[in-house]
Each structure stands twice: as structure tokens, then as C-alpha cells.
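Heads up: the structure comes next, in C-alpha cells.
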Amino acid sequence: MFETIRFKLNRKPTVMTVDGERKLLWVLRSDLGLTGAKYGCGEGICGACTVLINNKATRSCQVPVKEIKGKEVITIEGLVRDGKLHPLQKAFLDHDALQCGFCTPGMILSAYSLLLQKDQPTESEIIQGMNDNLCRCGAHVRIVQAIQSAAQEMKGGRKG
Ligand code: FES
Ligand code: FES
């Protein structure tokens with residue numbers, strides 16, 4: 001059923017008329033042209049489609065768009081502020097924490113959510129927190145290093 005959905009997308013009020021059962025991933029990618037969230041498994045397993053909904057890392061391939069009414073969605077495109085990369089984005093680049101980059105938006109947004117819950121996690125807390133995001137290129141070690149480095153950089157500084 002088509003319905004009107006009002007929500008905030010990357011800090012901007014957004015209104016759409018759309019089939020409420022359509023998955024958020026496809027609304028973002030196909031309807032709104034935000035292709036940062038990736039289609040991996042489509043089954044909630046890989047984490048490639050992760051976005052933030054009310055600051056919580058969420059698998060957009062599993063969310064009917066009607067469920068985001070009145071909520072705030074942040075995609076990887078929304079982490080750039082005033083033309084500056086978020087410290088997590090910068091740290092992933094600085095640490096070469098990617099190869100093909102397919103998992104990277106989901107990794108960064110999951111890390112963002114993790115650092116909101118605990119701003120200076122231990123290495124094992126990072127590994128545990130990121131356990132459900134899969135990287136087929138095997139960049140996990142550098143991903144953990146990038147998150148540690150971003151956490152240090154963000155100490156007392158930019159969180160959002
Ligand atoms: S595409 Fe959503 S979890 Fe894999
Ligand atoms: S960098 Fe290729 S899937 Fe992670």
C-alpha cells in the first residue's frame with residue numbers, strides 16, 4: 001500500500017509517497033540515489049546495507065520503509081559535514097582498512113554506532129561489536145586498527 005512517509009534523512013526533513021513495505025535499502029539506493037548502502041546478502045547477515053536509524057546501526061535490507069516514519073536515518077553520505085570526512089571515514093583511509101570497499105559504508109556506520117555506546121572500546125570489544133559485519137577481502141585487522149585510531153581522535157571531539 002502506498003503511503004506518505006516523513007522522516008529525516010542525513011539531517012534533512014524528507015517526505016515520500018511510497019509502498020510502505022518496500023525495503024529501506026531500495027528506497028535509499030533506487031528512489032533517492034544514495035548508493036553508499038550496499039546490497040550484499042539481502043538476508044540481514046552481511047551488514048553491507050547498514051545505515052543508522054536513530055543512531056542505531058540497522059540493516060536496511062530488512063526494514064520496510066513504513067517503519068522509519070518520524071525517525072532519523074543517516075547513511076554514509078551523511079557523515080561528511082561541511083565537506084570534511086568523519087574521523088572514522090578518515091581513519092579507514094589512513095589505515096588502508098579496505099580493499100574493494102564494498103563492506104566499508106556498513107563497517108563505518110556500525111563502528112559509529114559502537115562508539116556512541118562506548119567511546120573508548122577495547123580491542124576485544126571492537127572485535128565483538130563488529131563481528132556481524134563481514135569483509136570478504138579480509139581487511140578485519142586494519143578495520144579494528146582504524147576504529148581504535150578514530151576513537152582516540154574523537155576523544156572529546158567530533159562524535160557526529
Ligand atoms: S544486504 Fe543487508 S545484511 Fe546483507
Ligand atoms: S574491503 Fe572488500 S568486502 Fe571489505
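Residues are named by chain letter and number: chains run A, B, ... in the order of the C-alpha cells, numbers start at 1 in each chain, and ligands are numbered from 1 in the order shown.
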
Can you pull out every residue with an atom within 6 Å of ligand 1? Use only C-alpha atoms and all ligand atoms and format it as a list in words.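 Counting only what the definition allows, namely only C-alpha atoms and all ligand atoms, the set is Tyr39, Gly40, Cys41, Gly42, Glu43, Gly44, Ile45, Cys46, Gly47, Ala48, Cys49, Arg59 and Cys61 of chain A.
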
Keeping C-alpha atoms, export the residues of the selection given above as a PDB file, in the first residue's frame.
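Heads up, here's the output in result.pdb:
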```pdb
ATOM      1  CA  TYR A  39      23.169  -4.948  -1.321  1.00  0.00           C
ATOM      2  CA  GLY A  40      25.101  -7.965  -0.135  1.00  0.00           C
ATOM      3  CA  CYS A  41      23.099 -10.911   1.138  1.00  0.00           C
ATOM      4  CA  GLY A  42      19.640  -9.334   1.375  1.00  0.00           C
ATOM      5  CA  GLU A  43      19.045 -11.512   4.409  1.00  0.00           C
ATOM      6  CA  GLY A  44      20.334  -9.452   7.323  1.00  0.00           C
ATOM      7  CA  ILE A  45      23.573 -11.407   7.603  1.00  0.00           C
ATOM      8  CA  CYS A  46      26.437  -9.469   5.986  1.00  0.00           C
ATOM      9  CA  GLY A  47      25.965  -5.874   7.202  1.00  0.00           C
ATOM     10  CA  ALA A  48      26.765  -4.280   3.818  1.00  0.00           C
ATOM     11  CA  CYS A  49      23.435  -2.419   3.839  1.00  0.00           C
ATOM     12  CA  ARG A  59      20.288  -3.475   8.310  1.00  0.00           C
ATOM     13  CA  CYS A  61      17.600  -4.650   3.653  1.00  0.00           C
TER      14      CYS A  61
END
```

Residues of chain A that approach ligand 2 to 10 Å or less, counting only C-alpha atoms and all ligand atoms: could you list each one with the shortest pair of atoms and its distance in Å to one decimal, rows by chain and increasing residue number, as JSON lines?
```
{"residue": "A:Gly40", "atom": "CA", "partner": "ligand 2", "partner_atom_place_in_ligand_line": "3 (S)", "distance": 9.6}
{"residue": "A:Cys46", "atom": "CA", "partner": "ligand 2", "partner_atom_place_in_ligand_line": "3 (S)", "distance": 9.7}
{"residue": "A:Ala48", "atom": "CA", "partner": "ligand 2", "partner_atom_place_in_ligand_line": "3 (S)", "distance": 8.4}
{"residue": "A:Asp96", "atom": "CA", "partner": "ligand 2", "partner_atom_place_in_ligand_line": "1 (S)", "distance": 9.4}
{"residue": "A:Ala97", "atom": "CA", "partner": "ligand 2", "partner_atom_place_in_ligand_line": "1 (S)", "distance": 7.1}
{"residue": "A:Leu98", "atom": "CA", "partner": "ligand 2", "partner_atom_place_in_ligand_line": "1 (S)", "distance": 3.9}
{"residue": "A:Gln99", "atom": "CA", "partner": "ligand 2", "partner_atom_place_in_ligand_line": "1 (S)", "distance": 4.0}
{"residue": "A:Cys100", "atom": "CA", "partner": "ligand 2", "partner_atom_place_in_ligand_line": "2 (Fe)", "distance": 3.9}
{"residue": "A:Gly101", "atom": "CA", "partner": "ligand 2", "partner_atom_place_in_ligand_line": "1 (S)", "distance": 4.2}
{"residue": "A:Phe102", "atom": "CA", "partner": "ligand 2", "partner_atom_place_in_ligand_line": "3 (S)", "distance": 4.8}
{"residue": "A:Cys103", "atom": "CA", "partner": "ligand 2", "partner_atom_place_in_ligand_line": "4 (Fe)", "distance": 4.3}
{"residue": "A:Thr104", "atom": "CA", "partner": "ligand 2", "partner_atom_place_in_ligand_line": "4 (Fe)", "distance": 6.0}
{"residue": "A:Pro105", "atom": "CA", "partner": "ligand 2", "partner_atom_place_in_ligand_line": "4 (Fe)", "distance": 9.5}
{"residue": "A:Gly106", "atom": "CA", "partner": "ligand 2", "partner_atom_place_in_ligand_line": "4 (Fe)", "distance": 9.5}
{"residue": "A:Met107", "atom": "CA", "partner": "ligand 2", "partner_atom_place_in_ligand_line": "4 (Fe)", "distance": 8.3}
{"residue": "A:Asn133", "atom": "CA", "partner": "ligand 2", "partner_atom_place_in_ligand_line": "4 (Fe)", "distance": 9.1}
{"residue": "A:Leu134", "atom": "CA", "partner": "ligand 2", "partner_atom_place_in_ligand_line": "3 (S)", "distance": 7.0}
{"residue": "A:Cys135", "atom": "CA", "partner": "ligand 2", "partner_atom_place_in_ligand_line": "4 (Fe)", "distance": 3.7}
{"residue": "A:Arg136", "atom": "CA", "partner": "ligand 2", "partner_atom_place_in_ligand_line": "3 (S)", "distance": 4.2}
{"residue": "A:Cys137", "atom": "CA", "partner": "ligand 2", "partner_atom_place_in_ligand_line": "2 (Fe)", "distance": 4.3}
{"residue": "A:Gly138", "atom": "CA", "partner": "ligand 2", "partner_atom_place_in_ligand_line": "4 (Fe)", "distance": 6.5}
{"residue": "A:Ala139", "atom": "CA", "partner": "ligand 2", "partner_atom_place_in_ligand_line": "1 (S)", "distance": 5.9}
{"residue": "A:His140", "atom": "CA", "partner": "ligand 2", "partner_atom_place_in_ligand_line": "4 (Fe)", "distance": 7.8}
{"residue": "A:Ile143", "atom": "CA", "partner": "ligand 2", "partner_atom_place_in_ligand_line": "4 (Fe)", "distance": 9.0}
```

Counting only C-alpha atoms, which residues in stretch 66-137 of chain A sit no more than 12 Å from stretch 15-34 of chain A? For each one, give the nearest pair of atoms and the distance in Å, sorted by chain then residue number, as a tab-separated table.
```
residue	atom	partner	partner_atom	distance
A:Lys66	CA	A:Gly20	CA	4.4
A:Glu67	CA	A:Gly20	CA	8.0
A:Ile68	CA	A:Leu24	CA	8.3
A:Lys69	CA	A:Val15	CA	9.5
A:Gly70	CA	A:Val15	CA	10.2
A:Lys71	CA	A:Val15	CA	11.8
A:Val73	CA	A:Leu24	CA	9.9
A:Ile74	CA	A:Leu28	CA	10.6
A:Thr75	CA	A:Leu34	CA	7.9
A:Ile76	CA	A:Leu34	CA	8.8
A:Glu77	CA	A:Leu34	CA	7.3
A:Gly78	CA	A:Leu34	CA	9.8
A:Pro105	CA	A:Leu34	CA	11.5
A:Gly106	CA	A:Leu25	CA	12.0
```

Among chain A, which ones does DSSP assign to strand (DSSP E) (computed from the backbone)? Answer as a PyMOL selection string. chain A and resi 2-9+12-19+50-53+56-59+72-74

Could you write out that same residue set with C-alpha atoms as a PDB file, in the first residue's frame?
```pdb
ATOM      1  CA  PHE A   2       1.338   3.421  -0.936  1.00  0.00           C
ATOM      2  CA  GLU A   3       1.646   5.819   1.964  1.00  0.00           C
ATOM      3  CA  THR A   4       3.277   9.094   2.858  1.00  0.00           C
ATOM      4  CA  ILE A   5       6.424   8.673   4.903  1.00  0.00           C
ATOM      5  CA  ARG A   6       8.009  11.630   6.701  1.00  0.00           C
ATOM      6  CA  PHE A   7      11.452  11.193   8.184  1.00  0.00           C
ATOM      7  CA  LYS A   8      14.817  12.874   8.449  1.00  0.00           C
ATOM      8  CA  LEU A   9      17.457  11.732   6.014  1.00  0.00           C
ATOM      9  CA  LYS A  12      17.119  16.939   6.178  1.00  0.00           C
ATOM     10  CA  PRO A  13      13.337  16.568   6.526  1.00  0.00           C
ATOM     11  CA  THR A  14      12.180  14.199   3.790  1.00  0.00           C
ATOM     12  CA  VAL A  15       8.701  13.249   2.566  1.00  0.00           C
ATOM     13  CA  MET A  16       7.992  10.399   0.180  1.00  0.00           C
ATOM     14  CA  THR A  17       4.952   8.595  -1.131  1.00  0.00           C
ATOM     15  CA  VAL A  18       5.999   5.012  -1.475  1.00  0.00           C
ATOM     16  CA  ASP A  19       4.913   1.404  -0.953  1.00  0.00           C
ATOM     17  CA  THR A  50      23.875  -0.936   7.338  1.00  0.00           C
ATOM     18  CA  VAL A  51      22.562   2.576   7.980  1.00  0.00           C
ATOM     19  CA  LEU A  52      21.839   4.421  11.206  1.00  0.00           C
ATOM     20  CA  ILE A  53      18.243   4.686  12.346  1.00  0.00           C
ATOM     21  CA  LYS A  56      21.492   2.626  15.884  1.00  0.00           C
ATOM     22  CA  ALA A  57      23.234   0.517  13.233  1.00  0.00           C
ATOM     23  CA  THR A  58      20.423  -1.171  11.315  1.00  0.00           C
ATOM     24  CA  ARG A  59      20.288  -3.475   8.310  1.00  0.00           C
ATOM     25  CA  GLU A  72      16.214   9.892  11.604  1.00  0.00           C
ATOM     26  CA  VAL A  73      18.183   7.945   9.019  1.00  0.00           C
ATOM     27  CA  ILE A  74      21.878   8.580   8.433  1.00  0.00           C
TER      28      ILE A  74
END
```

Residues of stretch 40-126 of chain A classed as alpha helix (DSSP H) by DSSP on the backbone are to be reported as a PDB file with N, CA and C atoms, in the first residue's frame.
```
ATOM      1  N   PRO A  87      35.839  11.463  11.312  1.00  0.00           N
ATOM      2  CA  PRO A  87      37.086  10.814  11.736  1.00  0.00           C
ATOM      3  C   PRO A  87      37.131   9.319  11.419  1.00  0.00           C
ATOM      4  N   LEU A  88      35.993   8.642  11.460  1.00  0.00           N
ATOM      5  CA  LEU A  88      36.001   7.213  11.116  1.00  0.00           C
ATOM      6  C   LEU A  88      36.305   7.022   9.626  1.00  0.00           C
ATOM      7  N   GLN A  89      35.724   7.855   8.788  1.00  0.00           N
ATOM      8  CA  GLN A  89      35.999   7.747   7.354  1.00  0.00           C
ATOM      9  C   GLN A  89      37.482   7.998   7.077  1.00  0.00           C
ATOM     10  N   LYS A  90      38.012   9.015   7.743  1.00  0.00           N
ATOM     11  CA  LYS A  90      39.431   9.357   7.543  1.00  0.00           C
ATOM     12  C   LYS A  90      40.329   8.218   8.042  1.00  0.00           C
ATOM     13  N   ALA A  91      39.977   7.669   9.199  1.00  0.00           N
ATOM     14  CA  ALA A  91      40.810   6.604   9.767  1.00  0.00           C
ATOM     15  C   ALA A  91      40.797   5.363   8.867  1.00  0.00           C
ATOM     16  N   PHE A  92      39.661   5.054   8.259  1.00  0.00           N
ATOM     17  CA  PHE A  92      39.620   3.900   7.351  1.00  0.00           C
ATOM     18  C   PHE A  92      40.570   4.127   6.164  1.00  0.00           C
ATOM     19  N   LEU A  93      40.608   5.359   5.683  1.00  0.00           N
ATOM     20  CA  LEU A  93      41.533   5.661   4.580  1.00  0.00           C
ATOM     21  C   LEU A  93      42.975   5.596   5.060  1.00  0.00           C
ATOM     22  N   ASP A  94      43.239   6.249   6.188  1.00  0.00           N
ATOM     23  CA  ASP A  94      44.624   6.316   6.694  1.00  0.00           C
ATOM     24  C   ASP A  94      45.185   4.933   6.997  1.00  0.00           C
ATOM     25  N   THR A 104      32.648  -1.308   3.349  1.00  0.00           N
ATOM     26  CA  THR A 104      33.132  -0.158   4.122  1.00  0.00           C
ATOM     27  C   THR A 104      32.033   0.758   4.674  1.00  0.00           C
ATOM     28  N   PRO A 105      31.028   1.149   3.877  1.00  0.00           N
ATOM     29  CA  PRO A 105      29.988   2.011   4.472  1.00  0.00           C
ATOM     30  C   PRO A 105      29.319   1.354   5.675  1.00  0.00           C
ATOM     31  N   GLY A 106      28.996   0.075   5.533  1.00  0.00           N
ATOM     32  CA  GLY A 106      28.361  -0.641   6.644  1.00  0.00           C
ATOM     33  C   GLY A 106      29.287  -0.762   7.841  1.00  0.00           C
ATOM     34  N   MET A 107      30.560  -1.001   7.569  1.00  0.00           N
ATOM     35  CA  MET A 107      31.538  -1.095   8.663  1.00  0.00           C
ATOM     36  C   MET A 107      31.611   0.240   9.414  1.00  0.00           C
ATOM     37  N   ILE A 108      31.721   1.316   8.668  1.00  0.00           N
ATOM     38  CA  ILE A 108      31.884   2.628   9.301  1.00  0.00           C
ATOM     39  C   ILE A 108      30.647   2.996  10.117  1.00  0.00           C
ATOM     40  N   LEU A 109      29.466   2.728   9.584  1.00  0.00           N
ATOM     41  CA  LEU A 109      28.254   3.090  10.333  1.00  0.00           C
ATOM     42  C   LEU A 109      28.053   2.176  11.537  1.00  0.00           C
ATOM     43  N   SER A 110      28.453   0.920  11.432  1.00  0.00           N
ATOM     44  CA  SER A 110      28.391   0.046  12.610  1.00  0.00           C
ATOM     45  C   SER A 110      29.389   0.523  13.666  1.00  0.00           C
ATOM     46  N   ALA A 111      30.572   0.937  13.221  1.00  0.00           N
ATOM     47  CA  ALA A 111      31.571   1.450  14.161  1.00  0.00           C
ATOM     48  C   ALA A 111      31.084   2.743  14.820  1.00  0.00           C
ATOM     49  N   TYR A 112      30.425   3.572  14.044  1.00  0.00           N
ATOM     50  CA  TYR A 112      29.865   4.826  14.565  1.00  0.00           C
ATOM     51  C   TYR A 112      28.908   4.525  15.720  1.00  0.00           C
ATOM     52  N   SER A 113      28.017   3.570  15.473  1.00  0.00           N
ATOM     53  CA  SER A 113      27.029   3.189  16.481  1.00  0.00           C
ATOM     54  C   SER A 113      27.732   2.591  17.708  1.00  0.00           C
ATOM     55  N   LEU A 114      28.752   1.792  17.464  1.00  0.00           N
ATOM     56  CA  LEU A 114      29.522   1.182  18.557  1.00  0.00           C
ATOM     57  C   LEU A 114      30.178   2.263  19.428  1.00  0.00           C
ATOM     58  N   LEU A 115      30.777   3.268  18.777  1.00  0.00           N
ATOM     59  CA  LEU A 115      31.475   4.319  19.533  1.00  0.00           C
ATOM     60  C   LEU A 115      30.501   5.240  20.268  1.00  0.00           C
ATOM     61  N   LEU A 116      29.258   5.280  19.821  1.00  0.00           N
ATOM     62  CA  LEU A 116      28.264   6.040  20.585  1.00  0.00           C
ATOM     63  C   LEU A 116      27.926   5.310  21.885  1.00  0.00           C
ATOM     64  N   GLN A 117      27.964   3.978  21.820  1.00  0.00           N
ATOM     65  CA  GLN A 117      27.663   3.206  23.038  1.00  0.00           C
ATOM     66  C   GLN A 117      28.846   3.204  23.992  1.00  0.00           C
ATOM     67  N   GLU A 123      40.137  -3.473  22.299  1.00  0.00           N
ATOM     68  CA  GLU A 123      40.253  -4.188  21.026  1.00  0.00           C
ATOM     69  C   GLU A 123      39.227  -5.328  20.964  1.00  0.00           C
ATOM     70  N   SER A 124      39.100  -6.058  22.067  1.00  0.00           N
ATOM     71  CA  SER A 124      38.165  -7.193  22.008  1.00  0.00           C
ATOM     72  C   SER A 124      36.708  -6.717  21.949  1.00  0.00           C
ATOM     73  N   GLU A 125      36.414  -5.563  22.539  1.00  0.00           N
ATOM     74  CA  GLU A 125      35.048  -5.025  22.405  1.00  0.00           C
ATOM     75  C   GLU A 125      34.771  -4.593  20.959  1.00  0.00           C
ATOM     76  N   ILE A 126      35.797  -4.061  20.303  1.00  0.00           N
ATOM     77  CA  ILE A 126      35.612  -3.686  18.889  1.00  0.00           C
ATOM     78  C   ILE A 126      35.385  -4.951  18.055  1.00  0.00           C
TER      79      ILE A 126
END
```

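Residues lying within 7 Å of A:Gln120, counting only C-alpha atoms and ignoring same-chain neighbours fewer than 2 positions away, are Lys118, Thr122 and Ala151 of chain A.
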
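Between atom CA of A:Pro121 and atom CA of A:Gln148 there is a distance of 7.7 Å.
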
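What separates atom CA of A:Arg81 from atom CA of A:Asp119 is a distance of 20.0 Å.
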